[in-house]
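The file input.cif comes next; it holds mmCIF, C-alpha atoms.
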```cif
data_my_file
loop_
_atom_site.label_atom_id
_atom_site.label_comp_id
_atom_site.auth_asym_id
_atom_site.auth_seq_id
_atom_site.Cartn_x
_atom_site.Cartn_y
_atom_site.Cartn_z
CA MET A 478 -5.04 10.67 -25.50
CA ALA A 479 -8.21 9.79 -23.87
CA ALA A 480 -7.46 6.23 -24.76
CA ASP A 481 -4.09 6.36 -22.95
CA MET A 482 -5.76 7.73 -19.89
CA LYS A 483 -8.19 4.86 -19.84
CA ARG A 484 -5.43 2.32 -20.20
CA ARG A 485 -3.49 3.83 -17.30
CA LEU A 486 -6.58 3.85 -15.09
CA ALA A 487 -7.27 0.24 -15.96
CA ARG A 488 -3.70 -0.80 -15.05
CA GLY A 489 -3.94 1.11 -11.72
CA VAL A 490 -7.19 -0.57 -10.82
CA ALA A 491 -5.69 -3.96 -11.63
CA VAL A 492 -2.65 -3.30 -9.48
CA ILE A 493 -4.83 -2.23 -6.56
CA THR A 494 -7.03 -5.28 -7.01
CA ILE A 495 -4.03 -7.62 -7.01
CA ALA A 496 -2.58 -5.90 -3.95
CA LEU A 497 -5.83 -6.26 -2.05
CA GLY A 498 -6.03 -9.91 -3.00
CA ALA A 499 -2.48 -10.58 -1.87
CA GLY A 500 -3.10 -8.88 1.49
CA HIS A 501 -6.20 -10.99 2.02
CA LEU A 502 -4.21 -14.12 1.19
CA VAL A 503 -1.45 -13.33 3.73
CA GLN A 504 -3.98 -12.62 6.44
CA SER A 505 -5.77 -15.88 5.76
CA MET A 506 -2.50 -17.89 5.95
CA SER A 507 -1.61 -16.41 9.36
CA GLU A 508 -5.02 -17.06 10.89
CA LYS A 509 -5.73 -20.57 9.60
CA PRO A 510 -3.25 -22.46 11.87
CA MET A 511 -4.65 -20.75 14.96
CA ALA A 512 -8.18 -21.59 13.94
CA ALA A 513 -7.18 -25.24 13.39
CA ARG A 514 -6.04 -25.56 17.01
CA ASN A 515 -9.13 -23.93 18.47
CA ALA A 516 -11.87 -25.68 16.49
CA SER A 517 -11.62 -29.09 14.88
CA ASN A 518 -14.72 -28.55 12.79
CA GLN A 519 -13.01 -25.91 10.59
CA THR A 520 -10.61 -28.39 8.94
CA ALA A 521 -12.49 -28.04 5.67
CA ASN A 522 -11.50 -24.37 5.36
CA THR A 523 -7.85 -25.12 5.94
CA GLN A 524 -7.89 -27.58 3.03
CA LEU A 525 -8.65 -24.69 0.68
CA LEU A 526 -5.12 -23.46 1.08
CA GLU A 527 -2.17 -25.35 -0.17
CA GLN A 528 -0.29 -26.74 2.86
CA PRO A 529 3.45 -27.07 2.85
CA LYS A 530 4.60 -30.64 2.71
CA HIS A 531 7.35 -30.32 5.38
CA ILE A 532 6.98 -28.09 8.48
CA GLU A 533 9.70 -27.59 11.10
CA ARG A 534 8.90 -25.91 14.42
CA LEU A 535 11.38 -23.25 15.51
CA ALA A 536 12.07 -22.67 19.14
CA ALA A 537 8.97 -22.10 21.29
CA THR A 538 6.87 -20.10 18.75
CA ASP A 539 3.57 -21.28 17.41
CA MET A 540 4.52 -20.18 13.91
CA ALA A 541 5.16 -22.91 11.39
CA VAL A 542 7.57 -22.12 8.58
CA ALA A 543 8.00 -24.13 5.45
CA LEU A 544 11.63 -25.10 4.97
CA PRO A 545 13.36 -26.85 2.15
CA VAL A 546 13.61 -30.57 2.67
CA LYS A 547 16.91 -32.44 2.42
CA LYS A 548 16.62 -36.11 1.78
CA ILE A 549 18.54 -38.29 4.32
CA ALA A 550 19.16 -41.95 3.76
CA VAL A 551 18.12 -43.89 6.84
CA ALA A 552 18.85 -47.59 7.23
CA MET A 553 15.82 -49.17 8.88
CA LEU A 554 16.24 -52.22 11.14
CA PRO A 555 13.83 -55.09 10.85
CA LYS A 556 10.90 -55.17 13.21
CA ALA A 557 11.47 -56.68 16.63
CA THR A 558 8.91 -59.34 15.90
CA ASP A 559 10.99 -60.64 13.06
CA ALA A 560 13.60 -62.00 15.49
CA ALA A 561 14.29 -65.04 13.36
CA LYS A 562 15.56 -62.87 10.51
CA LEU A 563 17.62 -60.57 12.73
CA GLN A 564 21.23 -61.63 13.05
CA LEU A 565 23.40 -59.88 15.59
CA THR A 566 27.11 -60.45 15.82
CA VAL A 567 28.26 -60.07 19.39
CA ILE A 568 31.93 -59.39 19.81
CA ALA A 569 32.95 -60.46 23.26
CA PRO A 570 35.81 -58.61 24.93
CA LYS A 571 39.08 -60.43 24.92
CA PRO A 572 39.82 -62.09 28.24
CA ALA A 573 42.60 -60.53 30.22
CA SER A 574 45.87 -62.31 29.92
CA PRO A 575 46.52 -64.39 33.06
CA VAL A 576 49.16 -63.02 35.40
CA THR A 577 52.09 -65.34 35.56
CA MET A 578 54.10 -65.23 38.79
CA VAL A 579 57.76 -65.63 38.06
CA MET A 580 59.45 -67.21 41.04
CA PRO A 581 63.16 -66.79 41.51
CA VAL A 582 65.04 -69.92 40.69
CA ALA A 583 68.14 -70.73 42.62
CA VAL A 584 71.04 -71.12 40.30
CA GLN A 585 72.82 -74.35 40.97
CA PRO A 586 76.54 -73.77 40.79
CA SER A 587 78.58 -76.33 39.01
CA HIS A 588 81.10 -76.31 41.84
CA ILE A 589 80.53 -75.65 45.55
CA ASP A 590 83.41 -74.48 47.65
CA ALA A 591 83.29 -76.02 51.12
CA THR A 592 85.05 -72.99 52.58
CA VAL A 593 82.40 -70.45 53.61
CA PRO A 594 83.80 -67.01 54.37
CA ALA A 595 82.95 -65.71 57.84
CA VAL A 596 80.43 -62.89 58.03
CA PRO A 597 82.24 -59.82 59.36
CA LEU A 598 80.89 -58.49 62.66
CA LYS A 599 79.74 -54.95 63.00
CA ALA A 600 82.09 -52.59 64.71
CA GLY A 601 81.68 -52.80 68.47
CA SER A 602 79.59 -55.98 68.42
CA ASP A 603 80.43 -58.78 70.85
CA PRO A 604 80.86 -62.18 69.17
CA CYS A 605 80.14 -63.89 72.53
CA PRO A 606 77.54 -61.89 74.44
CA VAL A 607 76.96 -62.75 78.10
CA ALA A 608 73.93 -61.66 80.14
CA LEU A 609 73.38 -62.17 83.88
CA ASN A 610 69.99 -61.34 85.39
CA LEU A 611 69.19 -61.58 89.10
CA ALA A 612 65.92 -61.48 91.01
CA SER A 613 64.89 -61.73 94.65
CA SER A 614 62.40 -64.47 95.50
CA GLU A 615 60.68 -65.97 98.55
CA ASN A 616 62.71 -66.74 101.70
CA ALA A 617 65.46 -64.33 100.63
CA LEU A 618 66.67 -66.44 97.73
CA ILE A 619 68.49 -65.04 94.69
CA GLU A 620 67.32 -66.30 91.31
CA VAL A 621 70.09 -66.50 88.70
CA ASN A 622 69.47 -66.37 84.96
CA LEU A 623 72.69 -66.60 82.97
CA LEU A 624 72.86 -66.55 79.15
CA SER A 625 76.29 -67.27 77.65
CA PRO A 626 76.12 -68.93 74.19
CA CYS A 627 79.88 -69.25 73.91
CA HIS A 628 80.13 -71.10 77.24
CA ALA A 629 77.94 -74.10 76.50
CA SER A 630 78.16 -77.12 78.84
CA GLU A 631 80.89 -75.39 80.81
CA ARG A 632 81.92 -75.37 84.45
CA VAL A 633 81.31 -72.01 86.08
CA VAL A 634 81.94 -70.68 89.60
CA VAL A 635 79.24 -68.65 91.36
CA LYS A 636 80.43 -66.20 94.03
CA HIS A 637 78.44 -64.16 96.54
CA ALA A 638 79.62 -62.51 99.78
CA GLY A 639 82.25 -65.20 100.35
CA LEU A 640 79.93 -68.09 99.37
CA THR A 641 81.39 -70.06 96.43
CA PHE A 642 80.06 -73.05 94.50
CA THR A 643 80.38 -74.59 91.05
CA ALA A 644 77.66 -75.09 88.45
CA LYS A 645 77.41 -76.20 84.85
CA THR A 646 75.78 -74.39 81.95
CA SER A 647 73.35 -76.07 79.59
CA PRO A 648 74.21 -77.07 75.98
CA THR A 649 73.00 -73.60 74.97
CA GLY A 650 75.14 -71.83 77.56
CA ALA A 651 72.31 -71.04 80.01
CA LEU A 652 72.25 -71.40 83.80
CA LEU A 653 69.05 -71.19 85.84
CA THR A 654 69.44 -71.65 89.59
CA ASP A 655 68.81 -70.02 92.96
CA PHE A 656 70.61 -69.86 96.31
CA PRO A 657 70.29 -68.11 99.70
CA ALA A 658 71.39 -64.49 99.89
CA LEU A 659 73.88 -63.65 102.65
CA VAL A 660 73.56 -59.84 102.46
CA GLN A 661 70.64 -57.59 101.50
CA ASN A 662 72.58 -55.57 98.91
CA ALA A 663 73.64 -58.68 97.07
CA GLU A 664 76.23 -58.89 94.32
CA VAL A 665 76.71 -62.09 92.34
CA GLU A 666 79.67 -62.92 90.12
CA VAL A 667 79.89 -65.84 87.67
CA MET A 668 83.37 -66.87 86.51
CA PHE A 669 84.13 -68.92 83.38
CA LYS A 670 87.03 -71.29 82.72
CA ASP A 671 88.79 -68.67 80.56
CA ASN A 672 89.01 -66.40 83.66
CA THR A 673 86.42 -64.00 82.31
CA SER A 674 83.44 -63.16 84.49
CA VAL A 675 80.13 -61.34 84.63
CA SER A 676 78.43 -59.79 87.66
CA ALA A 677 75.13 -58.20 88.69
CA LYS A 678 73.42 -56.83 91.81
CA VAL A 679 70.02 -57.30 93.45
CA LEU A 680 68.32 -56.09 96.63
CA VAL A 681 67.08 -58.79 99.04
CA PRO A 682 65.19 -57.00 101.86
CA GLU A 683 63.58 -60.18 103.24
CA LEU A 684 66.94 -61.28 104.60
CA ALA A 685 66.52 -58.84 107.51
CA SER A 686 64.30 -61.35 109.36
CA LEU A 687 66.54 -64.39 108.78
CA ARG A 688 69.91 -65.77 109.85
CA ARG A 689 72.13 -68.12 107.91
CA PHE A 690 75.01 -70.46 108.63
CA ALA A 691 76.94 -72.21 105.86
CA VAL A 692 79.81 -74.58 105.36
CA GLN A 693 81.74 -74.95 102.09
CA TRP A 694 84.58 -77.11 100.82
CA GLN A 695 86.29 -78.43 97.68
CA GLN A 696 86.22 -81.82 96.00
CA ASP A 697 86.69 -84.75 98.44
CA ASP A 698 86.80 -82.66 101.59
CA ALA A 699 83.22 -83.56 102.41
CA PHE A 700 81.32 -82.07 105.35
CA GLN A 701 77.76 -82.55 106.53
CA LEU A 702 75.85 -79.72 108.20
CA HIS A 703 73.15 -80.51 110.78
CA ALA A 704 70.78 -78.24 112.69
CA PHE A 705 68.75 -79.73 115.54
CA GLU A 706 65.55 -77.86 116.21
CA ASP A 707 63.30 -78.34 119.26
CA THR A 708 65.99 -80.44 121.04
CA SER A 709 65.81 -83.06 118.32
CA GLU A 710 68.46 -85.78 117.87
CA PHE A 711 70.07 -87.39 114.82
CA GLY A 712 67.41 -88.59 112.44
CA GLY A 713 64.63 -86.98 114.49
CA ALA A 714 61.80 -84.75 113.22
CA GLY A 715 63.78 -81.62 114.03
CA ASP A 716 67.02 -82.75 112.37
CA VAL A 717 67.54 -80.41 109.41
CA SER A 718 70.23 -81.70 107.02
CA ALA A 719 70.97 -82.42 103.35
CA SER A 720 69.03 -85.68 103.61
CA MET A 721 66.12 -83.92 105.38
CA PRO A 722 66.25 -80.33 104.10
CA HIS A 723 62.77 -79.24 105.32
CA ALA A 724 62.46 -77.19 102.11
CA PRO A 725 59.65 -74.64 102.44
CA ALA A 726 56.63 -74.91 100.15
CA THR A 727 56.02 -72.09 97.69
CA GLY A 728 53.79 -69.40 99.19
CA VAL A 729 53.86 -70.91 102.69
CA PRO A 730 55.58 -68.87 105.43
CA VAL A 731 58.61 -70.53 106.98
CA LYS A 732 58.05 -71.64 110.59
CA GLY A 733 61.38 -73.34 111.25
CA GLY A 734 64.65 -73.63 109.41
CA PHE A 735 65.60 -75.29 106.09
CA MET A 736 68.74 -76.52 104.35
CA THR A 737 69.98 -75.61 100.86
CA VAL A 738 72.56 -77.79 99.09
CA LEU A 739 74.73 -76.00 96.51
CA GLY A 740 77.30 -77.04 93.91
CA ASP A 741 77.58 -79.52 91.05
CA ALA A 742 79.76 -82.44 92.13
CA SER A 743 80.04 -83.70 88.53
CA THR A 744 82.28 -80.82 87.46
CA SER A 745 86.06 -80.84 87.68
CA LEU A 746 87.34 -79.52 91.03
CA PRO A 747 83.81 -79.17 92.43
CA MET A 748 83.14 -76.51 95.05
CA LEU A 749 80.22 -77.49 97.29
CA ALA A 750 78.28 -75.85 100.10
CA GLN A 751 75.36 -76.33 102.48
CA VAL A 752 73.43 -73.36 103.90
CA TYR A 753 71.10 -73.52 106.90
CA THR A 754 68.44 -70.77 107.15
CA TYR A 755 66.43 -70.11 110.32
CA PRO A 756 64.33 -67.28 111.78
CA LYS A 757 66.25 -64.49 113.44
CA ASN A 758 63.91 -64.00 116.41
CA THR A 759 63.26 -67.63 117.33
CA THR A 760 62.59 -68.38 120.98
CA THR A 761 64.80 -71.47 120.97
CA LYS A 762 68.14 -71.47 119.24
CA PRO A 763 68.86 -74.53 117.07
CA GLU A 764 71.95 -76.58 117.78
CA ILE A 765 74.24 -76.41 114.75
CA LEU A 766 77.06 -78.87 114.15
CA ILE A 767 79.26 -80.22 111.35
CA GLU A 768 80.15 -83.84 110.68
CA ALA A 769 83.27 -85.04 108.90
CA ALA A 770 83.22 -88.69 107.92
CA VAL A 771 86.40 -90.71 107.94
CA THR A 772 86.56 -92.39 104.54
CA LYS A 773 89.24 -93.82 102.32
CA ALA A 774 89.27 -90.47 100.52
CA THR A 775 89.62 -88.41 103.71
CA CYS A 776 91.53 -90.61 106.17
CA GLY A 777 95.09 -89.78 107.19
CA ARG A 778 95.12 -86.24 105.77
CA GLU A 779 94.02 -82.68 106.43
CA MET A 780 90.58 -81.45 105.34
CA LEU A 781 89.94 -77.81 104.69
CA GLY A 782 86.74 -75.83 104.64
CA GLN A 783 85.08 -72.59 105.62
CA THR A 784 82.08 -71.56 107.67
CA LEU A 785 79.98 -68.47 106.98
CA LEU A 786 77.63 -66.79 109.47
CA THR A 787 75.39 -63.83 108.73
CA THR A 788 75.34 -61.31 111.56
CA ALA A 789 74.38 -57.63 111.77
CA GLY A 790 74.13 -57.28 107.99
CA ALA A 791 77.58 -58.76 107.39
CA VAL A 792 79.10 -62.18 106.85
CA LYS A 793 81.62 -63.70 109.23
CA ILE A 794 83.91 -66.14 107.40
CA SER A 795 86.02 -68.63 109.34
CA ASP A 796 88.58 -71.05 107.98
CA MET A 797 88.30 -74.65 109.11
CA SER A 798 91.09 -77.22 109.20
CA LEU A 799 90.72 -80.84 110.37
CA GLU A 800 93.39 -83.48 110.82
CA MET A 801 91.59 -86.67 109.90
CA PRO A 802 92.40 -89.97 111.69
CA ASP A 803 94.36 -92.75 110.04
CA CYS A 804 92.60 -95.04 107.63
CA ASP A 805 92.13 -97.58 110.45
CA ALA A 806 89.27 -95.33 111.59
CA VAL A 807 87.32 -95.46 108.32
CA GLY A 808 83.64 -95.30 109.17
CA ASP A 809 84.07 -92.95 112.14
CA TYR A 810 83.00 -89.27 112.29
CA LEU A 811 84.47 -86.09 113.60
CA VAL A 812 81.78 -83.79 115.01
CA LEU A 813 82.25 -80.03 115.32
CA LYS A 814 80.00 -78.31 117.88
CA ASN A 815 79.55 -74.82 119.27
CA LEU A 816 79.90 -73.34 115.82
CA VAL A 817 77.79 -70.34 116.68
CA PRO A 818 79.69 -68.32 117.62
CA ASP A 819 82.74 -70.44 118.52
CA MET A 820 83.95 -73.65 116.83
CA THR A 821 85.64 -76.49 118.66
CA ILE A 822 86.14 -80.18 118.09
CA ALA A 823 83.75 -81.85 120.50
CA SER A 824 84.30 -85.52 119.97
CA ALA A 825 85.56 -88.22 117.64
CA ASN A 826 83.63 -91.40 117.06
#
```

Please go through the file and, once you have read it, give me the structure as structure tokens.
Amino acid sequence: MAADMKRRLARGVAVITIALGAGHLVQSMSEKPMAARNASNQTANTQLLEQPKHIERLAATDMAVALPVKKIAVAMLPKATDAAKLQLTVIAPKPASPVTMVMPVAVQPSHIDATVPAVPLKAGSDPCPVALNLASSENALIEVNLLSPCHASERVVVKHAGLTFTAKTSPTGALLTDFPALVQNAEVEVMFKDNTSVSAKVLVPELASLRRFAVQWQQDDAFQLHAFEDTSEFGGAGDVSASMPHAPATGVPVKGGFMTVLGDASTSLPMLAQVYTYPKNTTTKPEILIEAAVTKATCGREMLGQTLLTTAGAVKISDMSLEMPDCDAVGDYLVLKNLVPDMTIASAN
């Protein structure tokens, strides 16, 4: 029994001794890594303990834990210095396919019909539009701008306050002209050969300081209007006529009178006119007269015409009738004087 007691005591002492040794071993393992960081000369003591072959650091702790190692196969590339042995295969991106523009191709018909159907007009549209624009310009003239595409190269008649004359449109149906206004609130009408017409209005305030006298006729019933200023005679410096119109320069105020010749004699049944313009408040009144030449076209018959005089904002229109001498008097002239305000036959040459 005593022997059993001794054996038990011996086993207890051994267990305690082993426990103490194990505790010393654990303490040594926890302190060695710290000592290795603080003093490099204690590396010999750390070699007494068996170090784990693979250490992995966890998070931010200073503790190192031995973990099982898993072998990973890593393919190592050659060193950069061995460039001759390194072969790289560069795969260039495929170039983008070029964009091909497909242009529409006109299909050539095998048969072309010469009859082209007319394009229908929109409801309410005018197939032959006509536009008449008027403007007032210097010396109380009216500028006319007519656009009439369906009346190309056509005879037209321009009417204004009793004044009538013919004109001709251009190959595009346009008419650009000007003529003296006879009233301040002017209305102009343009008539076409199909008896249609277009009209417009314009204000001409400058006419208030001017007076006008006109003569008009048709076709071969030719008249010549003369105005003698400053007691001038035929052919003198003050003779204002179709051959010496004294037309005012642009931008220069008018000092005396001037003549305007109207009408296109190349049209069928031409309607012609001559208009004399002079200042209203002139100190000396010009002498106005009308000549009628005896020609083979006018001799032995009656000539008709009209005179127009602006007065007090209105136009006084007077009919004129002349019995021309026989054809034996070709080359002579009939002269009409005292036309403002009265008209009489003064003499026959």

Pairwise distance for atom CA of A:Thr754 and atom CA of A:Asn662, rounded to one decimal in Å: 17.8 Å

Can you tell me which residues surround A:Val635 at a distance of at most 8 Å, considering all atoms listed in the file, apart from same-chain residues fewer than 2 positions away, and format the answer as a list of chain:residue names? A:Val633, A:His637, A:Thr641, A:Phe642, A:Thr643, A:Ala644, A:Val665, A:Glu666, A:Val667, A:Met668

Explicit residues for the PyMOL selection byres ((chain A and resi 757) around 7) (as JSON, numbers by chain): {"A": [686, 687, 688, 755, 756, 758, 759]}

Extract, using all atoms listed in the file, all DNA, RNA and protein residues at most 9 Å from stretch 814-818 of chain A, discarding same-chain residues fewer than 6 positions from it, and format them as a ChimeraX atom specification. /A:690,764-767,784,786,824

Given the point (70.7, -75.6, 99.9) in the coordinates of this file, which residues lie within 8 Å, counting all atoms listed in the file, and how would they look as a PyMOL selection string? chain A and resi 656-657+719+722+736-739+750-753

To one decimal place, how far is atom CA of A:Asp716 from atom CA of A:Thr761 in Å?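 Those two atoms sit 14.4 Å apart.
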
By how many Å are atom CA of A:Ala677 and atom CA of A:Ala726 apart? 27.4 Å

I need the output of the PyMOL selection byres ((chain A and resi 707-712) around 9) for this file as a list in words; which residues are they? His703, Ala704, Phe705, Glu706, Gly713, Ala714, Gly715, Asp716, Val717, Met721, Thr761, Lys762, Pro763 and Glu764 of chain A

Might you spell out which residues the PyMOL selection byres ((chain A and resi 622) around 12) would select in the displayed file, as a PyMOL selection string? chain A and resi 607-613+619-621+623-625+635+646-647+650-656+665-667+675-677

I need the chosen residues saved as a PDB file, in the frame of the given file, with C-alpha atoms.
```pdb
ATOM      1  CA  VAL A 607      76.960 -62.750  78.100  1.00  0.00           C
ATOM      2  CA  ALA A 608      73.930 -61.660  80.140  1.00  0.00           C
ATOM      3  CA  LEU A 609      73.380 -62.170  83.880  1.00  0.00           C
ATOM      4  CA  ASN A 610      69.990 -61.340  85.390  1.00  0.00           C
ATOM      5  CA  LEU A 611      69.190 -61.580  89.100  1.00  0.00           C
ATOM      6  CA  ALA A 612      65.920 -61.480  91.010  1.00  0.00           C
ATOM      7  CA  SER A 613      64.890 -61.730  94.650  1.00  0.00           C
ATOM      8  CA  ILE A 619      68.490 -65.040  94.690  1.00  0.00           C
ATOM      9  CA  GLU A 620      67.320 -66.300  91.310  1.00  0.00           C
ATOM     10  CA  VAL A 621      70.090 -66.500  88.700  1.00  0.00           C
ATOM     11  CA  LEU A 623      72.690 -66.600  82.970  1.00  0.00           C
ATOM     12  CA  LEU A 624      72.860 -66.550  79.150  1.00  0.00           C
ATOM     13  CA  SER A 625      76.290 -67.270  77.650  1.00  0.00           C
ATOM     14  CA  VAL A 635      79.240 -68.650  91.360  1.00  0.00           C
ATOM     15  CA  THR A 646      75.780 -74.390  81.950  1.00  0.00           C
ATOM     16  CA  SER A 647      73.350 -76.070  79.590  1.00  0.00           C
ATOM     17  CA  GLY A 650      75.140 -71.830  77.560  1.00  0.00           C
ATOM     18  CA  ALA A 651      72.310 -71.040  80.010  1.00  0.00           C
ATOM     19  CA  LEU A 652      72.250 -71.400  83.800  1.00  0.00           C
ATOM     20  CA  LEU A 653      69.050 -71.190  85.840  1.00  0.00           C
ATOM     21  CA  THR A 654      69.440 -71.650  89.590  1.00  0.00           C
ATOM     22  CA  ASP A 655      68.810 -70.020  92.960  1.00  0.00           C
ATOM     23  CA  PHE A 656      70.610 -69.860  96.310  1.00  0.00           C
ATOM     24  CA  VAL A 665      76.710 -62.090  92.340  1.00  0.00           C
ATOM     25  CA  GLU A 666      79.670 -62.920  90.120  1.00  0.00           C
ATOM     26  CA  VAL A 667      79.890 -65.840  87.670  1.00  0.00           C
ATOM     27  CA  VAL A 675      80.130 -61.340  84.630  1.00  0.00           C
ATOM     28  CA  SER A 676      78.430 -59.790  87.660  1.00  0.00           C
ATOM     29  CA  ALA A 677      75.130 -58.200  88.690  1.00  0.00           C
TER      30      ALA A 677
END
```

Point out the residue among A:Asn616, A:Thr787, A:Thr760, A:Gln696 with the least atom-to-atom distance to A:Ala774, counting all atoms listed in the file.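 Counting all atoms listed in the file, the residue closest to A:Ala774 is A:Gln696.
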
Calculated over only C-alpha atoms, which of the candidates A:Lys732, A:Arg632, A:Arg689, A:Lys678 has the smallest distance to A:Leu659?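 Going through A:Lys732, A:Arg632, A:Arg689, A:Lys678 one by one, the smallest distance to A:Leu659 is for A:Arg689.
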
Nearest candidate to A:Ala806 (options A:Thr744, A:Gln783, A:Ser718, A:Thr775; using all atoms listed in the file): A:Thr775

Given only C-alpha atoms as the basis, pick out the residue of A:Ala691, A:Phe735, A:Ser720, A:Arg778 nearest to A:Ala638.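 Of all the options, A:Ala691 lies closest to A:Ala638.
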